[in-house]
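Shown here: upload11.cif, mmCIF, C-alpha atoms.
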data_final
#
loop_
_atom_site.group_PDB
_atom_site.id
_atom_site.type_symbol
_atom_site.label_atom_id
_atom_site.label_comp_id
_atom_site.auth_asym_id
_atom_site.auth_seq_id
_atom_site.Cartn_x
_atom_site.Cartn_y
_atom_site.Cartn_z
ATOM 1 C CA MET A 1 71.167 41.477 10.665
ATOM 2 C CA SER A 2 69.211 39.701 7.960
ATOM 3 C CA GLY A 3 70.302 36.296 6.757
ATOM 4 C CA GLY A 4 70.963 37.732 3.287
ATOM 5 C CA ALA A 5 73.290 40.408 4.637
ATOM 6 C CA ALA A 6 75.142 37.874 6.790
ATOM 7 C CA GLY A 7 75.533 35.597 3.755
ATOM 8 C CA ARG A 8 76.978 38.401 1.627
ATOM 9 C CA MET A 9 79.470 39.248 4.357
ATOM 10 C CA ARG A 10 80.548 35.600 4.681
ATOM 11 C CA GLU A 11 81.029 35.457 0.876
ATOM 12 C CA ARG A 12 83.548 38.289 1.293
ATOM 13 C CA GLY A 13 85.443 36.451 4.016
ATOM 14 C CA ILE A 14 83.925 38.361 6.925
ATOM 15 C CA SER A 15 83.058 36.217 9.930
ATOM 16 C CA VAL A 16 79.554 36.755 11.272
ATOM 17 C CA GLN A 17 78.577 35.604 14.751
ATOM 18 C CA VAL A 18 74.942 35.885 15.771
ATOM 19 C CA GLY A 19 73.906 35.673 19.410
ATOM 20 C CA GLU A 20 73.065 37.450 22.610
ATOM 21 C CA ILE A 21 75.968 39.147 24.377
ATOM 22 C CA ALA A 22 76.499 37.693 27.856
ATOM 23 C CA ALA A 23 79.651 39.554 28.937
ATOM 24 C CA LEU A 24 82.039 42.285 27.837
ATOM 25 C CA GLU A 25 85.752 42.400 28.628
ATOM 26 C CA GLY A 26 87.841 45.525 28.450
ATOM 27 C CA ARG A 27 89.940 48.112 30.223
ATOM 28 C CA GLN A 28 89.975 51.893 30.266
ATOM 29 C CA GLY A 29 87.206 52.260 27.697
ATOM 30 C CA HIS A 30 88.578 49.707 25.206
ATOM 31 C CA LEU A 31 86.588 46.581 24.367
ATOM 32 C CA ASN A 32 88.936 43.587 24.103
ATOM 33 C CA ALA A 33 86.526 40.664 23.927
ATOM 34 C CA LEU A 34 82.946 39.647 24.342
ATOM 35 C CA THR A 35 81.297 36.394 25.317
ATOM 36 C CA LEU A 36 78.049 35.221 23.771
ATOM 37 C CA GLU A 37 75.367 33.449 25.806
ATOM 38 C CA GLY A 38 76.358 30.116 24.220
ATOM 39 C CA GLY A 39 79.844 30.527 25.696
ATOM 40 C CA ALA A 40 81.738 31.576 22.560
ATOM 41 C CA ARG A 41 84.395 34.173 23.396
ATOM 42 C CA LEU A 42 85.196 36.599 20.557
ATOM 43 C CA THR A 43 88.390 38.660 20.278
ATOM 44 C CA PRO A 44 88.358 40.172 16.758
ATOM 45 C CA ASP A 45 90.051 43.388 15.651
ATOM 46 C CA ALA A 46 86.682 45.145 15.402
ATOM 47 C CA PHE A 47 83.109 44.607 16.550
ATOM 48 C CA PHE A 48 79.918 45.632 14.794
ATOM 49 C CA VAL A 49 76.929 45.116 17.045
ATOM 50 C CA VAL A 50 73.406 45.410 15.670
ATOM 51 C CA GLY A 51 70.497 45.707 18.056
ATOM 52 C CA PRO A 52 66.790 45.747 17.432
ATOM 53 C CA LYS A 53 65.345 49.099 16.422
ATOM 54 C CA LEU A 54 62.274 49.209 18.604
ATOM 55 C CA PRO A 55 60.643 52.635 18.667
ATOM 56 C CA ARG A 56 59.218 54.039 21.875
ATOM 57 C CA HIS A 57 55.741 54.967 20.737
ATOM 58 C CA GLU A 58 53.532 54.691 23.828
ATOM 59 C CA LEU A 59 52.744 58.417 23.825
ATOM 60 C CA ALA A 60 52.171 58.358 20.059
ATOM 61 C CA VAL A 61 49.548 55.636 20.481
ATOM 62 C CA GLN A 62 47.832 57.653 23.242
ATOM 63 C CA LEU A 63 47.754 60.709 20.962
ATOM 64 C CA GLY A 64 46.319 58.714 18.046
ATOM 65 C CA LEU A 65 49.343 59.162 15.776
ATOM 66 C CA GLU A 66 49.597 56.992 12.685
ATOM 67 C CA LEU A 67 52.316 54.359 12.977
ATOM 68 C CA ALA A 68 54.379 52.819 10.168
ATOM 69 C CA ALA A 69 54.592 49.047 9.706
ATOM 70 C CA LYS A 70 57.386 48.550 12.276
ATOM 71 C CA GLY A 71 55.861 50.856 14.904
ATOM 72 C CA HIS A 72 57.645 54.094 14.044
ATOM 73 C CA ILE A 73 55.617 57.313 13.929
ATOM 74 C CA GLN A 74 54.560 58.074 10.356
ATOM 75 C CA THR A 75 55.524 61.632 9.413
ATOM 76 C CA ALA A 76 55.688 63.952 6.440
ATOM 77 C CA TRP A 77 59.197 65.013 5.351
ATOM 78 C CA HIS A 78 59.232 67.879 7.876
ATOM 79 C CA GLY A 79 58.064 65.848 10.886
ATOM 80 C CA GLN A 80 54.334 66.667 10.789
ATOM 81 C CA THR A 81 52.148 63.778 11.937
ATOM 82 C CA ASN A 82 48.531 62.995 11.126
ATOM 83 C CA VAL A 83 47.457 64.935 14.242
ATOM 84 C CA ALA A 84 47.425 68.714 13.768
ATOM 85 C CA GLY A 85 50.011 70.496 15.909
ATOM 86 C CA VAL A 86 52.021 67.337 16.644
ATOM 87 C CA TRP A 87 55.460 66.731 15.119
ATOM 88 C CA ALA A 88 57.776 63.770 15.582
ATOM 89 C CA ALA A 89 61.554 63.784 15.323
ATOM 90 C CA GLY A 90 64.650 61.953 16.448
ATOM 91 C CA ASP A 91 64.590 58.178 16.282
ATOM 92 C CA VAL A 92 60.799 57.699 16.323
ATOM 93 C CA PRO A 93 60.069 58.398 12.617
ATOM 94 C CA PRO A 94 60.878 55.583 10.139
ATOM 95 C CA GLN A 95 64.372 56.687 9.125
ATOM 96 C CA THR A 96 67.950 55.555 9.508
ATOM 97 C CA GLN A 97 68.670 55.194 13.220
ATOM 98 C CA GLN A 98 71.673 57.514 13.402
ATOM 99 C CA VAL A 99 72.396 60.397 15.741
ATOM 100 C CA SER A 100 73.034 62.763 12.835
ATOM 101 C CA ALA A 101 69.716 61.835 11.173
ATOM 102 C CA ALA A 102 67.888 62.258 14.488
ATOM 103 C CA LEU A 103 69.467 65.694 15.003
ATOM 104 C CA GLY A 104 68.547 66.759 11.486
ATOM 105 C CA SER A 105 64.927 65.670 11.847
ATOM 106 C CA GLY A 106 64.709 67.455 15.195
ATOM 107 C CA ASN A 107 66.046 70.627 13.634
ATOM 108 C CA MET A 108 63.582 70.409 10.739
ATOM 109 C CA ALA A 109 60.656 69.802 13.098
ATOM 110 C CA ALA A 110 61.710 72.788 15.244
ATOM 111 C CA VAL A 111 61.811 75.059 12.193
ATOM 112 C CA MET A 112 58.385 73.863 11.053
ATOM 113 C CA ILE A 113 56.904 74.331 14.542
ATOM 114 C CA ASP A 114 58.309 77.872 14.669
ATOM 115 C CA GLN A 115 56.905 78.687 11.221
ATOM 116 C CA THR A 116 53.505 77.295 12.191
ATOM 117 C CA LEU A 117 53.416 79.310 15.420
ATOM 118 C CA THR A 118 54.390 82.428 13.464
ATOM 119 C CA ARG A 119 51.766 81.803 10.763
ATOM 120 C CA LEU A 120 49.060 81.321 13.405
ATOM 121 C CA GLY A 121 50.113 84.498 15.202
ATOM 122 C CA LEU A 122 50.914 82.521 18.351
ATOM 123 C CA ARG A 123 54.494 83.782 18.524
ATOM 124 C CA THR A 124 53.216 87.332 18.907
ATOM 125 C CA ARG A 125 50.658 86.342 21.524
ATOM 126 C CA LEU A 126 53.255 84.366 23.476
ATOM 127 C CA ALA A 127 55.641 87.330 23.385
ATOM 128 C CA GLN A 128 52.917 89.683 24.615
ATOM 129 C CA ALA A 129 52.026 87.339 27.478
ATOM 130 C CA SER A 130 55.673 86.739 28.403
ATOM 131 C CA ALA A 131 57.965 88.998 30.409
ATOM 132 C CA VAL A 132 60.746 88.075 27.975
ATOM 133 C CA PRO A 133 60.010 89.060 24.365
ATOM 134 C CA LEU A 134 60.579 86.421 21.711
ATOM 135 C CA PRO A 135 62.855 87.387 18.798
ATOM 136 C CA SER A 136 61.192 88.197 15.511
ATOM 137 C CA PRO A 137 61.956 85.799 12.650
ATOM 138 C CA ASP A 138 62.907 88.903 10.619
ATOM 139 C CA SER A 139 65.568 89.873 13.174
ATOM 140 C CA HIS A 140 67.672 86.778 12.462
ATOM 141 C CA PRO A 141 70.800 87.890 10.525
ATOM 142 C CA ILE A 142 70.443 85.120 7.936
ATOM 143 C CA ALA A 143 66.651 85.086 7.601
ATOM 144 C CA SER A 144 66.482 88.857 7.131
ATOM 145 C CA ARG A 145 68.823 88.870 4.105
ATOM 146 C CA SER A 146 67.454 88.428 0.634
ATOM 147 C CA PHE A 147 69.449 85.986 -1.444
ATOM 148 C CA GLN A 148 69.520 86.454 -5.180
#

Encoded form using structure tokens:
Amino acid sequence: MSGGAAGRMRERGISVQVGEIAALEGRQGHLNALTLEGGARLTPDAFFVVGPKLPRHELAVQLGLELAAKGHIQTAWHGQTNVAGVWAAGDVPPQTQQVSAALGSGNMAAVMIDQTLTRLGLRTRLAQASAVPLPSPDSHPIASRSFQ
């Protein structure tokens, strides 16, 4: 948490403790207290723990993908990277680190990959080479309807 954010919380009467967690205390899935490395034991009504958001980008570096300032993979809005045929999704693009955002970006990237494969004719070639035919995008009950 930034110093400015911590200061604003303190101004509103919210206690902010900064430190490394040394131990957790709880029973049956309920956190009752935590101890910081300095020895302070905290037993508040609620905990909000913020950890560093360090992206795993080793593969991205090997592939030559462009990285944002904090090491996240730079993408267009639909997940496309600077390397043709490579998309990034989940928690590696520079976006809010939330499960729902990661799921949404993964879904968008999957749609864009499918559309690219279809546009390049690769879906058809994969279906012909496979024992199991791939569904046509036109056979999807939603995609095949025209909305007016």

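Taking atom CA of A:Glu66 and atom CA of A:Asn107 as the two end points, the separation is 21.4 Å.
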
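Closest to A:Arg41 among A:Gly13, A:Gly79, A:Gly7, A:Gly19 is A:Gly19, based on only C-alpha atoms.
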
**Request:** Quick one: everything within 12 Å of stretch 29-39 of chain A, counting all atoms listed in the file, minus sequence neighbours fewer than 4 positions away in the same chain. Send it as a PyMOL selection string.
**Result:** chain A and resi 17-25+43-49

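Here atom CA of A:Pro55 stands at a distance of 23.4 Å from atom CA of A:Val111.
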
**Prompt:** Could you spell out the hits of the PyMOL selection byres ((chain A and resi 82-94) around 7) on the shown file, as a PyMOL selection string?
**Reply:** chain A and resi 55-56+65-66+72-75+79-81+95+97+102-103+105-106+109

**Prompt:** Do you know which residues are at most 9 Å from stretch 4-6 of chain A counting all atoms listed in the file, after dropping those on the same chain fewer than 3 positions away, and could you put them as a ChimeraX atom specification?
**Reply:** /A:1,9-11,14-17

**Complete:** From the list A:Ser130, A:Lys53, A:Leu67, A:Leu59, the nearest residue to A:Thr96 using only C-alpha atoms is A:Lys53

Centre and edge lengths of an axis-aligned box around all listed atoms of stretch 52-69 of chain A, with 4 Å added on each side, are to be given in Å to one decimal, as JSON.
{"center_x": 56.6, "center_y": 53.2, "center_z": 16.8, "size_x": 28.5, "size_y": 23.0, "size_z": 22.1}

**Asked** What gap, in Å, lies between atom CA of A:Ala69 and atom CA of A:Gln98?
**Response** 19.4 Å
